[in-house]
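Participant: Before we start, here is the structure in question, set down as structure tokens.
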Amino acid sequence: MKTKDFIAQSAKYSANNYNPLPVVIANGDGIWVWDIEGKKYLDCLSAYSALNQGHCHPEIIQVLIEQAGRATLTSRAFMNDQMGDFLQKLCEMCEMEMALPMNTGAEAVETALKAARKWGYQVKGVAANQAEIIVCRDNFHGRTISIVSASTEEQYRDGFGPFTPGFKVIDFGNAQQLEAAITPNTVAFLVEPIQGEAGILVPPESYLTEVRKICSKNRVLFILDEIQTGLGRTGKLFAYQHEKNAKPDALILGKALGGGVYPVSAMVASREVLGVFKPGDHGSTFGGNPLGSAVARKALDVILKEKLAENSQELGQYFMKQLRAIASPHVKEIRGRGLFIGIEIKTSSGPARPFCERLMDLGVLAKETHAQTIRLAPPLIIKKKDIDWLVEQIKEVLEA
Ligand SMILES: *Cc1c(COP(=O)(O)O)cnc(C)c1O
């Protein structure tokens with residue numbers, strides 16, 4: 001089959017809920033992928049940062065194969081010998097006390113919403129069914145009905161009502177609005193440290209420090225969705241660590257937690273928060289399974305051992321500097337942190353999509369986020385010489 005045959009097959013049998021670039025990938029290794037015709041590309045999306053460790057990381061694949069031959073699934077009706085080590089390592093890295101393992105990011109966000117509400121009723125003393133959770137405009141937390149109930153993106157909601165009540169929306173990056181929006185029924189503030197899908201929007205300095213203070217003062221849980229920004233992507237293990245005294249009450253992780261091979265997510269928090277769950281309150285058939293646990297444990301090891309956060313910090317700064325040196329009539333702004341970079345294209349130059357298509361022709365896979373921003377988020381194992389090559393390709397497209 002040729003590329004056009006795969007595209008036709010997918011058009012025939014797959015629901016049309018994505019608009020992919022017309023490339024059919026057959027192989028991946030590190031920062032590179034190859035399409036079915038053998039053309040090589042540098043992956044600058046990393047599956048929305050699920051591939052921080054790179055494609056087919058040999059140690060992660062080895063653990064996957066070994067564990068797959070031993071035991072893959074027990075359900076939580078029984079215990080398994082892999083989950084404990086994974087959760088201990090995860091809690092240690094997050095400096096948190098407990099974790100609840102799930103599979104996809106959206107499930108971990110749902111877990112956090114449930115935990116926050118139950119904490120509100122059991123610990124804070126909010127009256128039954130009155131709990132409010134504050135979120136930000138242009139957030140992205142996933143696709144379930146309750147999560148899109150908290151979204152302000154019309155397309156994510158259109159045709160999917162009725163919605164889950166209990167959310168209040170404020171502007172991202174504005175701590176005063178948070179303080180003003182809090183009521184005695186507010187149980188949590190759920191936010192991304194950098195808004196990824198909204199176009200790599202970095203909040204003003206000290207925003208998270210302020211948020212931490214306001215949440216503590218008002219007894220509101222500060223919940224950070226670091227599904228995309230976490231595990232080294234922004235140049236620190238977690239993006240909140242760029243600020244002082246900004247540690248949240250709960251972290252939501254996913255994507256790179258599964259090492260790019262297997263869906264693993266988790267909510268990680270204090271005992272006060274995750275302690276609200278008792279047997280039967282919440283669960284997942286595949287959550288905490290031995291295959292996912294073994295893979296995630298190794299995925300975390302690789303991030304630490306290969307110093308991926310440090311590499312992201314160093315090469316992110318270098319990359320940003322090179323990008324800013326490009327004289328382009330099309331660029332409105334370049335922003336980001338670590339290897340989490342957005343190039344916003346001026347509306348007068350048209351949408352970002354055709355720029356991504358030209359990059360693809362040159363062997364760079366990047367995807368636009370919203371209409372105007374090209375997201376650059378290569379695997380964190382990337383080296384300086386590959387950044388130099390990338391800059392050359394991007395330069396060619398942006399200078400044209
Ligand atoms: C990807 C993402 C999610 C949802 O994760 P899924 O695994 O796609 O359900 C939630 N929050 C953020 C910030 C994300 O980037």
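Each chain in the structure tokens gets a letter, A, B, ..., in the order shown, and its residues are numbered from 1; ligands are numbered from 1 in order too.
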Env of stretch 290-299 of chain A: 10 Å cut, atoms = only C-alpha atoms, seq-sep filter 3 positions within chain, self excluded. Answer as a VMD selection string.

Facilitator: chain A and resid 51 to 53 57 59 to 75 79 to 90 101 to 103 231 254 256 to 265 286 to 287 302 to 304

Participant: Keeping only N, CA and C atoms, take the residues you just selected and write them out as a compact mmCIF listing (two decimals), in the first residue's frame.

Facilitator:
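What ended up in selection36.txt:
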# COMPACT_ATOMS: atom_id res chain seq x y z
N LEU A 51 6.29 11.42 24.22
CA LEU A 51 7.52 10.74 23.79
C LEU A 51 8.77 11.50 24.25
N ASN A 52 8.72 12.05 25.46
CA ASN A 52 9.90 12.79 25.95
C ASN A 52 11.16 11.93 25.91
N GLN A 53 11.00 10.63 26.14
CA GLN A 53 12.16 9.71 26.16
C GLN A 53 12.56 9.26 24.76
N HIS A 57 12.50 3.76 23.05
CA HIS A 57 13.67 3.79 23.92
C HIS A 57 14.05 2.35 24.29
N GLU A 59 15.67 0.74 26.61
CA GLU A 59 15.46 0.20 27.96
C GLU A 59 13.97 0.06 28.29
N ILE A 60 13.18 1.01 27.79
CA ILE A 60 11.74 0.94 28.06
C ILE A 60 11.13 -0.23 27.28
N ILE A 61 11.57 -0.41 26.03
CA ILE A 61 11.06 -1.52 25.23
C ILE A 61 11.45 -2.86 25.85
N GLN A 62 12.66 -2.91 26.39
CA GLN A 62 13.10 -4.17 27.02
C GLN A 62 12.22 -4.52 28.22
N VAL A 63 11.94 -3.53 29.05
CA VAL A 63 11.06 -3.77 30.21
C VAL A 63 9.66 -4.18 29.73
N LEU A 64 9.18 -3.50 28.69
CA LEU A 64 7.85 -3.83 28.13
C LEU A 64 7.80 -5.30 27.73
N ILE A 65 8.83 -5.74 27.01
CA ILE A 65 8.84 -7.13 26.51
C ILE A 65 8.96 -8.12 27.67
N GLU A 66 9.87 -7.83 28.60
CA GLU A 66 10.05 -8.74 29.73
C GLU A 66 8.78 -8.86 30.56
N GLN A 67 8.18 -7.70 30.87
CA GLN A 67 6.99 -7.75 31.72
C GLN A 67 5.81 -8.36 30.96
N ALA A 68 5.76 -8.14 29.64
CA ALA A 68 4.66 -8.71 28.85
C ALA A 68 4.70 -10.24 28.87
N GLY A 69 5.88 -10.80 29.05
CA GLY A 69 5.99 -12.25 29.12
C GLY A 69 5.77 -12.80 30.52
N ARG A 70 5.59 -11.93 31.47
CA ARG A 70 5.47 -12.36 32.87
C ARG A 70 4.03 -12.23 33.37
N ALA A 71 3.52 -10.99 33.38
CA ALA A 71 2.12 -10.75 33.77
C ALA A 71 1.75 -9.36 33.27
N THR A 72 0.58 -9.25 32.64
CA THR A 72 0.20 -7.96 32.06
C THR A 72 -0.93 -7.29 32.83
N LEU A 73 -1.83 -8.09 33.36
CA LEU A 73 -3.03 -7.48 33.95
C LEU A 73 -3.55 -8.36 35.07
N THR A 74 -3.80 -7.73 36.19
CA THR A 74 -4.35 -8.48 37.32
C THR A 74 -5.72 -7.93 37.70
N SER A 75 -5.99 -6.67 37.29
CA SER A 75 -7.05 -5.84 37.85
C SER A 75 -6.69 -5.55 39.30
N MET A 79 -3.50 -7.89 44.00
CA MET A 79 -2.35 -7.01 43.95
C MET A 79 -1.36 -7.54 42.93
N ASN A 80 -0.43 -6.68 42.49
CA ASN A 80 0.63 -7.19 41.63
C ASN A 80 1.97 -6.67 42.14
N ASP A 81 3.05 -7.29 41.68
CA ASP A 81 4.36 -6.99 42.24
C ASP A 81 5.07 -5.82 41.54
N GLN A 82 4.36 -5.07 40.67
CA GLN A 82 4.98 -3.96 39.95
C GLN A 82 4.45 -2.58 40.37
N MET A 83 3.19 -2.53 40.76
CA MET A 83 2.57 -1.23 41.01
C MET A 83 3.22 -0.46 42.16
N GLY A 84 3.56 -1.15 43.21
CA GLY A 84 4.12 -0.50 44.40
C GLY A 84 5.41 0.25 44.09
N ASP A 85 6.33 -0.41 43.41
CA ASP A 85 7.61 0.23 43.06
C ASP A 85 7.39 1.46 42.19
N PHE A 86 6.46 1.33 41.25
CA PHE A 86 6.14 2.45 40.37
C PHE A 86 5.61 3.63 41.19
N LEU A 87 4.63 3.39 42.03
CA LEU A 87 4.02 4.50 42.76
C LEU A 87 4.99 5.10 43.79
N GLN A 88 5.83 4.25 44.38
CA GLN A 88 6.82 4.79 45.32
C GLN A 88 7.76 5.75 44.61
N LYS A 89 8.27 5.29 43.47
CA LYS A 89 9.18 6.14 42.67
C LYS A 89 8.49 7.44 42.26
N LEU A 90 7.24 7.32 41.81
CA LEU A 90 6.48 8.48 41.36
C LEU A 90 6.28 9.47 42.51
N PRO A 101 -3.23 5.53 40.23
CA PRO A 101 -2.88 5.29 38.82
C PRO A 101 -4.10 5.07 37.94
N MET A 102 -4.08 5.72 36.77
CA MET A 102 -5.12 5.53 35.76
C MET A 102 -4.39 5.26 34.43
N ASN A 103 -5.07 5.49 33.32
CA ASN A 103 -4.47 5.16 32.02
C ASN A 103 -4.26 6.41 31.18
N LEU A 231 7.46 16.13 33.69
CA LEU A 231 8.46 15.12 33.36
C LEU A 231 9.52 15.66 32.40
N GLY A 254 0.55 12.28 32.96
CA GLY A 254 0.17 11.27 31.96
C GLY A 254 1.22 11.31 30.87
N ALA A 256 4.12 11.35 28.94
CA ALA A 256 5.46 10.74 29.02
C ALA A 256 5.61 9.77 30.19
N LEU A 257 4.64 9.76 31.10
CA LEU A 257 4.68 8.79 32.20
C LEU A 257 4.66 7.37 31.63
N GLY A 258 4.08 7.19 30.48
CA GLY A 258 4.03 5.87 29.84
C GLY A 258 5.19 5.65 28.87
N GLY A 259 6.20 6.54 28.91
CA GLY A 259 7.41 6.32 28.11
C GLY A 259 7.16 6.25 26.60
N GLY A 260 6.02 6.73 26.17
CA GLY A 260 5.71 6.71 24.75
C GLY A 260 5.29 5.35 24.22
N VAL A 261 5.08 4.40 25.13
CA VAL A 261 4.71 3.07 24.63
C VAL A 261 3.39 2.55 25.17
N TYR A 262 2.93 3.10 26.27
CA TYR A 262 1.77 2.49 26.92
C TYR A 262 1.06 3.58 27.71
N PRO A 263 -0.27 3.65 27.66
CA PRO A 263 -0.94 4.74 28.38
C PRO A 263 -0.91 4.55 29.90
N VAL A 264 -0.24 5.47 30.58
CA VAL A 264 -0.20 5.46 32.05
C VAL A 264 -0.39 6.90 32.52
N SER A 265 -1.31 7.10 33.45
CA SER A 265 -1.51 8.43 34.02
C SER A 265 -1.68 8.27 35.52
N PHE A 286 -7.74 -1.25 34.06
CA PHE A 286 -6.34 -1.33 33.65
C PHE A 286 -5.41 -0.45 34.50
N GLY A 287 -5.97 0.46 35.30
CA GLY A 287 -5.13 1.37 36.08
C GLY A 287 -4.24 0.59 37.04
N VAL A 302 14.46 6.67 33.22
CA VAL A 302 15.15 7.22 32.04
C VAL A 302 15.20 8.75 32.12
N ILE A 303 14.10 9.36 32.54
CA ILE A 303 14.07 10.83 32.66
C ILE A 303 15.15 11.32 33.61
N LEU A 304 15.30 10.63 34.73
CA LEU A 304 16.31 11.04 35.71
C LEU A 304 17.72 10.69 35.24

Participant: Taking only C-alpha atoms and all ligand atoms into account, which residues have an atom no farther than 9 Å from ligand 1? I'd like them as a CSV table (one decimal) with all heavy atoms, in the first residue's frame.

Facilitator:
chain,number,residue,atom,x,y,z
A,48,TYR,N,2.5,14.9,21.4
A,48,TYR,CA,2.0,15.9,22.4
A,48,TYR,C,2.8,15.7,23.7
A,48,TYR,O,2.2,15.8,24.8
A,48,TYR,CB,0.5,15.8,22.6
A,48,TYR,CG,-0.3,16.0,21.3
A,48,TYR,CD1,-0.6,15.0,20.5
A,48,TYR,CD2,-0.7,17.3,21.0
A,48,TYR,CE1,-1.3,15.2,19.3
A,48,TYR,CE2,-1.4,17.5,19.8
A,48,TYR,CZ,-1.7,16.4,19.0
A,48,TYR,OH,-2.4,16.7,17.8
A,49,SER,N,4.1,15.4,23.6
A,49,SER,CA,5.0,15.3,24.8
A,49,SER,C,4.8,13.9,25.5
A,49,SER,O,5.3,13.8,26.6
A,49,SER,CB,4.8,16.4,25.8
A,49,SER,OG,5.2,17.6,25.2
A,50,ALA,N,4.2,13.0,24.8
A,50,ALA,CA,4.2,11.6,25.4
A,50,ALA,C,5.5,10.9,25.1
A,50,ALA,O,5.8,9.8,25.7
A,50,ALA,CB,3.0,10.8,24.9
A,103,ASN,N,-5.1,5.5,33.3
A,103,ASN,CA,-4.5,5.2,32.0
A,103,ASN,C,-4.3,6.4,31.2
A,103,ASN,O,-3.2,6.8,30.9
A,103,ASN,CB,-5.4,4.2,31.3
A,103,ASN,CG,-5.8,3.0,32.2
A,103,ASN,OD1,-5.0,2.1,32.5
A,103,ASN,ND2,-7.0,3.1,32.7
A,104,THR,N,-5.3,7.1,30.8
A,104,THR,CA,-5.2,8.3,30.0
A,104,THR,C,-5.2,9.5,30.9
A,104,THR,O,-5.6,9.5,32.0
A,104,THR,CB,-6.4,8.4,29.0
A,104,THR,OG1,-7.6,8.6,29.8
A,104,THR,CG2,-6.5,7.2,28.2
A,105,GLY,N,-4.8,10.6,30.3
A,105,GLY,CA,-4.7,11.9,31.0
A,105,GLY,C,-6.1,12.3,31.4
A,105,GLY,O,-6.3,12.7,32.6
A,106,ALA,N,-7.1,12.2,30.5
A,106,ALA,CA,-8.4,12.6,30.9
A,106,ALA,C,-8.9,11.9,32.1
A,106,ALA,O,-9.6,12.5,33.0
A,106,ALA,CB,-9.4,12.4,29.7
A,107,GLU,N,-8.6,10.6,32.2
A,107,GLU,CA,-9.1,9.8,33.4
A,107,GLU,C,-8.4,10.3,34.7
A,107,GLU,O,-9.0,10.3,35.8
A,107,GLU,CB,-8.7,8.4,33.3
A,107,GLU,CG,-9.5,7.6,32.3
A,107,GLU,CD,-8.9,6.2,32.1
A,107,GLU,OE1,-7.7,6.1,31.8
A,107,GLU,OE2,-9.7,5.2,32.3
A,108,ALA,N,-7.1,10.8,34.6
A,108,ALA,CA,-6.5,11.3,35.8
A,108,ALA,C,-7.0,12.6,36.2
A,108,ALA,O,-7.2,13.0,37.3
A,108,ALA,CB,-5.0,11.4,35.5
A,109,VAL,N,-7.4,13.4,35.2
A,109,VAL,CA,-8.1,14.7,35.4
A,109,VAL,C,-9.4,14.4,36.1
A,109,VAL,O,-9.8,15.1,37.1
A,109,VAL,CB,-8.3,15.5,34.2
A,109,VAL,CG1,-9.2,16.8,34.4
A,109,VAL,CG2,-6.9,16.0,33.6
A,139,ASN,N,-8.4,26.6,28.6
A,139,ASN,CA,-7.7,25.4,29.2
A,139,ASN,C,-7.8,24.2,28.3
A,139,ASN,O,-8.7,24.2,27.4
A,139,ASN,CB,-8.4,25.1,30.6
A,139,ASN,CG,-9.8,24.5,30.4
A,139,ASN,OD1,-10.0,23.4,29.8
A,139,ASN,ND2,-10.8,25.3,30.9
A,140,PHE,N,-6.9,23.3,28.5
A,140,PHE,CA,-7.1,22.0,27.9
A,140,PHE,C,-6.8,20.9,28.9
A,140,PHE,O,-5.7,20.8,29.4
A,140,PHE,CB,-6.2,21.7,26.6
A,140,PHE,CG,-6.6,20.3,26.0
A,140,PHE,CD1,-7.7,20.2,25.2
A,140,PHE,CD2,-5.8,19.2,26.4
A,140,PHE,CE1,-8.0,19.0,24.7
A,140,PHE,CE2,-6.2,18.0,25.8
A,140,PHE,CZ,-7.3,17.8,25.0
A,141,HIS,N,-7.9,20.1,29.3
A,141,HIS,CA,-7.7,19.1,30.3
A,141,HIS,C,-8.2,17.7,29.8
A,141,HIS,O,-8.2,16.8,30.5
A,141,HIS,CB,-8.4,19.4,31.6
A,141,HIS,CG,-7.9,20.7,32.2
A,141,HIS,ND1,-6.6,20.8,32.7
A,141,HIS,CD2,-8.5,21.9,32.5
A,141,HIS,CE1,-6.5,22.0,33.3
A,141,HIS,NE2,-7.6,22.7,33.1
A,142,GLY,N,-8.6,17.7,28.5
A,142,GLY,CA,-9.1,16.4,28.0
A,142,GLY,C,-10.5,16.5,27.4
A,142,GLY,O,-11.0,17.6,27.1
A,143,ARG,N,-11.1,15.3,27.2
A,143,ARG,CA,-12.3,15.3,26.3
A,143,ARG,C,-13.5,14.6,26.8
A,143,ARG,O,-14.5,14.4,26.1
A,143,ARG,CB,-11.9,14.5,25.0
A,143,ARG,CG,-10.7,15.1,24.2
A,143,ARG,CD,-11.0,16.4,23.6
A,143,ARG,NE,-10.1,16.7,22.5
A,143,ARG,CZ,-10.4,17.5,21.5
A,143,ARG,NH1,-11.6,18.1,21.5
A,143,ARG,NH2,-9.5,17.8,20.6
A,144,THR,N,-13.5,14.2,28.1
A,144,THR,CA,-14.7,13.6,28.6
A,144,THR,C,-15.8,14.7,28.8
A,144,THR,O,-15.5,15.9,28.7
A,144,THR,CB,-14.5,13.0,30.0
A,144,THR,OG1,-14.2,14.1,31.0
A,144,THR,CG2,-13.3,12.0,30.0
A,191,VAL,N,-5.5,24.1,36.9
A,191,VAL,CA,-4.8,24.9,35.9
A,191,VAL,C,-3.6,24.2,35.3
A,191,VAL,O,-3.0,23.3,36.0
A,191,VAL,CB,-4.4,26.3,36.6
A,191,VAL,CG1,-3.4,26.1,37.7
A,191,VAL,CG2,-3.9,27.3,35.6
A,192,GLU,N,-3.2,24.6,34.1
A,192,GLU,CA,-2.0,24.1,33.5
A,192,GLU,C,-0.9,25.2,33.8
A,192,GLU,O,-1.2,26.4,33.7
A,192,GLU,CB,-2.1,24.0,32.0
A,192,GLU,CG,-3.2,23.1,31.5
A,192,GLU,CD,-3.7,23.6,30.1
A,192,GLU,OE1,-3.0,23.3,29.1
A,192,GLU,OE2,-4.7,24.2,30.0
A,193,PRO,N,0.3,24.8,34.2
A,193,PRO,CA,1.3,25.8,34.5
A,193,PRO,C,1.7,26.6,33.2
A,193,PRO,O,2.1,27.8,33.4
A,193,PRO,CB,2.5,25.0,35.0
A,193,PRO,CG,2.2,23.6,34.6
A,193,PRO,CD,0.8,23.4,34.4
A,194,ILE,N,1.7,26.0,32.1
A,194,ILE,CA,1.8,26.7,30.8
A,194,ILE,C,0.7,26.1,29.9
A,194,ILE,O,0.5,24.9,29.9
A,194,ILE,CB,3.1,26.4,30.1
A,194,ILE,CG1,4.3,27.0,30.9
A,194,ILE,CG2,3.2,26.9,28.7
A,194,ILE,CD1,5.7,26.6,30.4
A,195,GLN,N,-0.2,27.0,29.4
A,195,GLN,CA,-1.3,26.4,28.5
A,195,GLN,C,-0.7,25.9,27.2
A,195,GLN,O,-0.3,26.7,26.4
A,195,GLN,CB,-2.3,27.5,28.3
A,195,GLN,CG,-3.2,27.7,29.6
A,195,GLN,CD,-4.4,28.5,29.3
A,195,GLN,OE1,-4.4,29.4,28.4
A,195,GLN,NE2,-5.5,28.3,30.1
A,196,GLY,N,-0.7,24.6,27.0
A,196,GLY,CA,-0.2,24.0,25.9
A,196,GLY,C,-1.0,24.1,24.6
A,196,GLY,O,-0.7,24.8,23.6
A,197,GLU,N,-2.2,23.5,24.7
A,197,GLU,CA,-3.1,23.5,23.5
A,197,GLU,C,-3.5,24.9,23.1
A,197,GLU,O,-3.8,25.2,22.0
A,197,GLU,CB,-4.3,22.6,23.7
A,197,GLU,CG,-4.0,21.1,24.0
A,197,GLU,CD,-3.0,20.6,22.9
A,197,GLU,OE1,-3.4,20.6,21.7
A,197,GLU,OE2,-1.9,20.2,23.3
A,225,ASP,N,-2.4,20.6,36.3
A,225,ASP,CA,-2.4,19.6,35.2
A,225,ASP,C,-1.0,19.7,34.5
A,225,ASP,O,-0.8,20.6,33.7
A,225,ASP,CB,-3.5,19.9,34.2
A,225,ASP,CG,-3.6,18.9,33.1
A,225,ASP,OD1,-2.6,18.2,32.8
A,225,ASP,OD2,-4.6,18.9,32.4
A,226,GLU,N,-0.1,18.8,34.8
A,226,GLU,CA,1.2,18.8,34.2
A,226,GLU,C,1.3,17.6,33.3
A,226,GLU,O,2.4,17.0,33.0
A,226,GLU,CB,2.3,18.8,35.3
A,226,GLU,CG,2.4,20.1,36.1
A,226,GLU,CD,3.8,20.7,36.0
A,226,GLU,OE1,4.5,20.5,35.0
A,226,GLU,OE2,4.2,21.4,37.0
A,227,ILE,N,0.2,17.2,32.7
A,227,ILE,CA,0.2,16.1,31.7
A,227,ILE,C,1.2,16.3,30.6
A,227,ILE,O,1.9,15.4,30.1
A,227,ILE,CB,-1.2,15.8,31.3
A,227,ILE,CG1,-2.0,15.2,32.4
A,227,ILE,CG2,-1.2,14.8,30.1
A,227,ILE,CD1,-3.5,15.0,32.2
A,228,GLN,N,1.1,17.6,30.1
A,228,GLN,CA,2.0,17.9,28.9
A,228,GLN,C,3.3,18.6,29.4
A,228,GLN,O,4.3,18.4,28.8
A,228,GLN,CB,1.2,18.8,28.0
A,228,GLN,CG,1.9,19.0,26.6
A,228,GLN,CD,1.0,19.5,25.5
A,228,GLN,OE1,1.4,19.9,24.5
A,228,GLN,NE2,-0.3,19.3,25.6
A,229,THR,N,3.2,19.4,30.4
A,229,THR,CA,4.4,20.2,30.8
A,229,THR,C,5.3,19.5,31.7
A,229,THR,O,6.5,19.9,31.9
A,229,THR,CB,3.9,21.5,31.6
A,229,THR,OG1,3.1,21.1,32.6
A,229,THR,CG2,3.2,22.4,30.7
A,252,ILE,N,-1.3,16.3,38.2
A,252,ILE,CA,-1.9,15.3,37.3
A,252,ILE,C,-0.9,15.0,36.2
A,252,ILE,O,-0.4,15.9,35.6
A,252,ILE,CB,-3.2,15.8,36.7
A,252,ILE,CG1,-4.2,16.3,37.8
A,252,ILE,CG2,-3.9,14.7,35.9
A,252,ILE,CD1,-5.4,17.1,37.3
A,253,LEU,N,-0.5,13.8,36.1
A,253,LEU,CA,0.5,13.4,35.1
A,253,LEU,C,0.0,12.3,34.1
A,253,LEU,O,-0.9,11.5,34.5
A,253,LEU,CB,1.7,12.8,35.8
A,253,LEU,CG,2.4,13.8,36.8
A,253,LEU,CD1,3.5,13.1,37.6
A,253,LEU,CD2,2.9,15.0,36.1
A,254,GLY,N,0.5,12.3,33.0
A,254,GLY,CA,0.2,11.3,32.0
A,254,GLY,C,1.2,11.3,30.9
A,254,GLY,O,2.4,11.6,31.1
A,255,LYS,N,0.8,11.1,29.6
A,255,LYS,CA,1.7,11.2,28.5
A,255,LYS,C,3.0,10.6,28.7
A,255,LYS,O,3.1,9.4,28.7
A,255,LYS,CB,1.8,12.7,28.1
A,255,LYS,CG,0.4,13.2,27.6
A,255,LYS,CD,0.4,14.4,26.6
A,255,LYS,CE,-0.9,14.5,25.9
A,255,LYS,NZ,-1.6,15.7,26.3
A,263,PRO,N,-0.3,3.7,27.7
A,263,PRO,CA,-0.9,4.7,28.4
A,263,PRO,C,-0.9,4.5,29.9
A,263,PRO,O,-1.5,3.6,30.4
A,263,PRO,CB,-2.4,4.7,27.9
A,263,PRO,CG,-2.6,3.4,27.3
A,263,PRO,CD,-1.2,2.8,26.9
A,264,VAL,N,-0.2,5.5,30.6
A,264,VAL,CA,-0.2,5.5,32.1
A,264,VAL,C,-0.4,6.9,32.5
A,264,VAL,O,0.3,7.8,32.0
A,264,VAL,CB,1.1,4.9,32.6
A,264,VAL,CG1,1.1,4.9,34.1
A,264,VAL,CG2,1.5,3.5,32.1
A,265,SER,N,-1.3,7.1,33.4
A,265,SER,CA,-1.5,8.4,34.0
A,265,SER,C,-1.7,8.3,35.5
A,265,SER,O,-1.8,7.1,36.0
A,265,SER,CB,-2.8,9.1,33.4
A,265,SER,OG,-3.9,8.4,33.8

Participant: Can you work out which one of A:Leu113, A:Asn27, A:Ala127, A:Ala239 has the shortest atom-to-atom distance to A:Ser149, counting only C-alpha atoms?

Facilitator: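 Once distances to A:Ser149 are computed over only C-alpha atoms, the minimum belongs to A:Leu113.
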
Participant: Apply DSSP to the backbone of this structure and, from stretch 77-186 of chain A, keep only the residues in strand (DSSP E or B); write these as number ranges by chain.

Facilitator: A: 98-102, 132-136, 167-170, 186

Participant: Looking only at the backbone, which of the residues in stretch 77-197 of chain A does DSSP tag as helix (DSSP H, G or I), as a PyMOL selection string?

Facilitator: chain A and resi 83-94+105-124+145-149+154-157+175-181

Participant: Considering only C-alpha atoms, return as an NGL selection string whatever protein or nucleic-acid residues lie within 9 Å of A:Asn311, sequence-local ones (same chain, fewer than 5 positions apart) excluded.

Facilitator: :A and (232 or 235 or 306 or 316 or 338-339 or 380-383)

Participant: Got a sec: who's within 7 Å of A:Arg212, counting only C-alpha atoms, leaving out chain neighbours fewer than 6 positions off, as JSON, numbers by chain?

Facilitator: {"A": [222, 246, 248]}

Participant: Could you dump the residues just selected with N, CA, C and O atoms as a short mmCIF file (atom, residue, chain, number, x, y, z; two decimals), in the first residue's frame?

Facilitator:
data_model
loop_
_atom_site.label_atom_id
_atom_site.label_comp_id
_atom_site.auth_asym_id
_atom_site.auth_seq_id
_atom_site.Cartn_x
_atom_site.Cartn_y
_atom_site.Cartn_z
N PHE A 222 -4.98 23.46 45.19
CA PHE A 222 -4.26 23.93 43.99
C PHE A 222 -3.87 22.67 43.22
O PHE A 222 -3.01 21.92 43.66
N ALA A 246 5.72 27.21 44.87
CA ALA A 246 4.55 27.04 44.01
C ALA A 246 4.09 25.58 43.97
O ALA A 246 3.34 25.19 43.07
N PRO A 248 2.01 22.45 44.17
CA PRO A 248 0.56 22.29 44.25
C PRO A 248 0.16 21.24 45.31
O PRO A 248 1.01 20.53 45.84
#

Participant: Quick one: residues within 10 Å of stretch 391-395 of chain A, only C-alpha atoms, excluding same-chain residues fewer than 3 positions away - as a PyMOL selection string?

Facilitator: chain A and resi 319-320+322-323+325-328+355-356+358-364+385-388+398-400

Participant: Mind dumping a table of every stretch 15-101 of chain A residue within 9 Å of stretch 268-284 of chain A, with the nearest atom pair and its distance in Å to one decimal, using only C-alpha atoms, sorted by chain and rising number, as JSON lines?

Facilitator:
{"residue": "A:Ser75", "atom": "CA", "partner": "A:Ser284", "partner_atom": "CA", "distance": 8.0}
{"residue": "A:Arg76", "atom": "CA", "partner": "A:Ser284", "partner_atom": "CA", "distance": 7.9}
{"residue": "A:Leu90", "atom": "CA", "partner": "A:Val268", "partner_atom": "CA", "distance": 8.0}
{"residue": "A:Cys91", "atom": "CA", "partner": "A:Val268", "partner_atom": "CA", "distance": 6.8}
{"residue": "A:Cys94", "atom": "CA", "partner": "A:Val268", "partner_atom": "CA", "distance": 7.5}
{"residue": "A:Glu95", "atom": "CA", "partner": "A:Ala269", "partner_atom": "CA", "distance": 8.8}
{"residue": "A:Met96", "atom": "CA", "partner": "A:Ala269", "partner_atom": "CA", "distance": 5.4}
{"residue": "A:Glu97", "atom": "CA", "partner": "A:Ser270", "partner_atom": "CA", "distance": 4.9}
{"residue": "A:Met98", "atom": "CA", "partner": "A:Ala269", "partner_atom": "CA", "distance": 5.6}
{"residue": "A:Ala99", "atom": "CA", "partner": "A:Val268", "partner_atom": "CA", "distance": 4.2}
{"residue": "A:Leu100", "atom": "CA", "partner": "A:Val268", "partner_atom": "CA", "distance": 6.5}
{"residue": "A:Pro101", "atom": "CA", "partner": "A:Ser284", "partner_atom": "CA", "distance": 8.5}

Participant: Could you check how far atom CA of A:Phe160 sits from atom CA of A:Ile145, in Å to one decimal?

Facilitator: 7.2 Å

Participant: Go through A:Ser312, A:Ser216, A:Thr285, A:Gln372 one by one, measure the shortest atom-to-atom distance of each to A:Gly230 using only C-alpha atoms, and give the residue with the smallest value.

Facilitator: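 Smallest separation from A:Gly230 among the options: A:Ser312.
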